[in-house]
Structure formats: C-alpha cells, structure tokens
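Trainee: One structure coming up, written as structure tokens, with questions to follow.
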Amino acid sequence: MVSVLVNNMEKLEKAIRYNELLHIYGSLLSETQKDIATSYFEYDLSLSEIAEEKGISRAAVEDAVKKSMSKLDQLENSLHILENNKSIEEIIKDLDDETKEKIEKVLNNYGI
C-alpha cells in the first residue's frame, strides 16, 4: 500500500515538473512534441489514448514523450529558468504583502 502511494506521488511530482517545464520551454519543442507532451502531462492521457486520438502508433507517442522530456530537461539544465523561478518564489514568500505585490507586479511584466 505504501509503495503504491509513493509511486503515485512520484508520478504526480513528475507531471507537475514537466507541466512547469512545458509552460516555460514548450514553444521550443516541435508542435507535435508539444501537443503530445501536453496531452500526456497536462491532460493525463495514456499513451494509447493519445495514439488513438492522433491516429499514430503507441510507440510513436512514447518516443515523442521521451524526446520532449529529454529536450525540456536539457533546456532547464542549461538555462535554469524553473529553478530560478522557484528561488524567487521562496524569497517572495517571506516578504510583507505590500512588497510582495510590488515585486510580483514587476515579475509579471517580465512574464515570470
């Protein structure tokens, strides 16, 4: 029972991470990779469901998901945007409300 819960938590954490990476770097993927990765991570569709929807093989979907994950990981390892965003969020969390609002307004203007 515990291993099932741990496995589900790991799957959820993975989905959250790749959703965040897709939000940041998704435009750098091919349209097909972005579409399939979004279906898989954001909409939680299975490989078979995506394959049926797209009219392609399950193996092709799996390959697109793996390539998308690899490219998203490479981009984050090079640019660290997600890591930096999380660091900024941690710093902002401890500020007073007025200062927090000012900083968040500036960051939103930069798309962060």
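Every chain in the structure tokens takes a letter, A first, then B, and so on in the order presented; its residues are numbered from 1, and the ligands are numbered from 1 following the presented order.
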Write out as an NGL selection string all residues of chain A that DSSP puts in helix (DSSP H, G or I) for this structure's backbone.

Mentor: :A and (2-28 or 31-42 or 47-54 or 58-79 or 81-93 or 97-109)

Trainee: Extract, using only C-alpha atoms, all DNA, RNA and protein residues at most 12 Å from A:Lys67, discarding same-chain residues fewer than 2 positions from it, and format them as a PyMOL selection string.

Mentor: chain A and resi 29-30+32-34+36-37+60-65+69-74

Trainee: Any idea what the distance is between atom CA of A:Val106 and atom CA of A:Glu89?

Mentor: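 Going from atom CA of A:Val106 over to atom CA of A:Glu89 covers 13.3 Å.
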
Trainee: Do you know which residues are at most 12 Å from stretch 10-16 of chain A counting only C-alpha atoms, after dropping those on the same chain fewer than 5 positions away, and could you put them as a PyMOL selection string?

Mentor: chain A and resi 3-5+21-23+37-45+65+69+73+82

Trainee: Can I get the selected residues back with C-alpha atoms, as a PDB file, in the first residue's frame?

Mentor:
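Now in again_31.pdb:
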```pdb
ATOM      1  CA  SER A   3       4.708   1.685  -2.273  1.00  0.00           C
ATOM      2  CA  VAL A   4       1.588   2.447  -4.336  1.00  0.00           C
ATOM      3  CA  LEU A   5       1.236   5.820  -2.604  1.00  0.00           C
ATOM      4  CA  LEU A  21       8.780  22.969 -17.947  1.00  0.00           C
ATOM      5  CA  LEU A  22       6.223  22.878 -20.779  1.00  0.00           C
ATOM      6  CA  HIS A  23       4.894  26.252 -19.665  1.00  0.00           C
ATOM      7  CA  ALA A  37       3.555  16.168 -24.157  1.00  0.00           C
ATOM      8  CA  THR A  38       0.661  18.448 -23.197  1.00  0.00           C
ATOM      9  CA  SER A  39      -1.827  15.625 -23.706  1.00  0.00           C
ATOM     10  CA  TYR A  40       0.325  13.296 -21.632  1.00  0.00           C
ATOM     11  CA  PHE A  41       1.352  15.559 -18.748  1.00  0.00           C
ATOM     12  CA  GLU A  42      -1.351  18.201 -18.557  1.00  0.00           C
ATOM     13  CA  TYR A  43      -4.402  16.159 -19.538  1.00  0.00           C
ATOM     14  CA  ASP A  44      -3.059  12.886 -18.099  1.00  0.00           C
ATOM     15  CA  LEU A  45      -3.995  10.889 -21.187  1.00  0.00           C
ATOM     16  CA  VAL A  65       7.065  11.960 -24.938  1.00  0.00           C
ATOM     17  CA  MET A  69      11.152  15.172 -21.732  1.00  0.00           C
ATOM     18  CA  ASP A  73      15.426  18.618 -19.234  1.00  0.00           C
ATOM     19  CA  LEU A  82      12.371  26.874 -13.458  1.00  0.00           C
TER      20      LEU A  82
END
```

Trainee: Work out how far apart atom CA of A:Leu107 and atom CA of A:Glu90 are and give it in Å to one decimal.

Mentor: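 It comes out at 13.9 Å.
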
Trainee: Just how far from atom CA of A:Lys66 is atom CA of A:Val6, in Å to one decimal?

Mentor: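 For atom CA of A:Val6 relative to atom CA of A:Lys66, the distance reads 22.3 Å.
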
Trainee: Of the candidates A:Glu20, A:Asn85, A:Lys54, A:Leu79, which shows the shortest atom-to-atom distance to A:Asp35, using only C-alpha atoms?

Mentor: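 Between A:Glu20, A:Asn85, A:Lys54, A:Leu79, the residue approaching A:Asp35 most closely is A:Lys54.
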
Trainee: So, with only C-alpha atoms as the atoms that count, which of A:Lys105, A:Ala51, A:His80, A:Ile56 lies closest to A:Ile92?

Mentor: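 Looking only at the distances to A:Ile92, the closest residue turns out to be A:Lys105.
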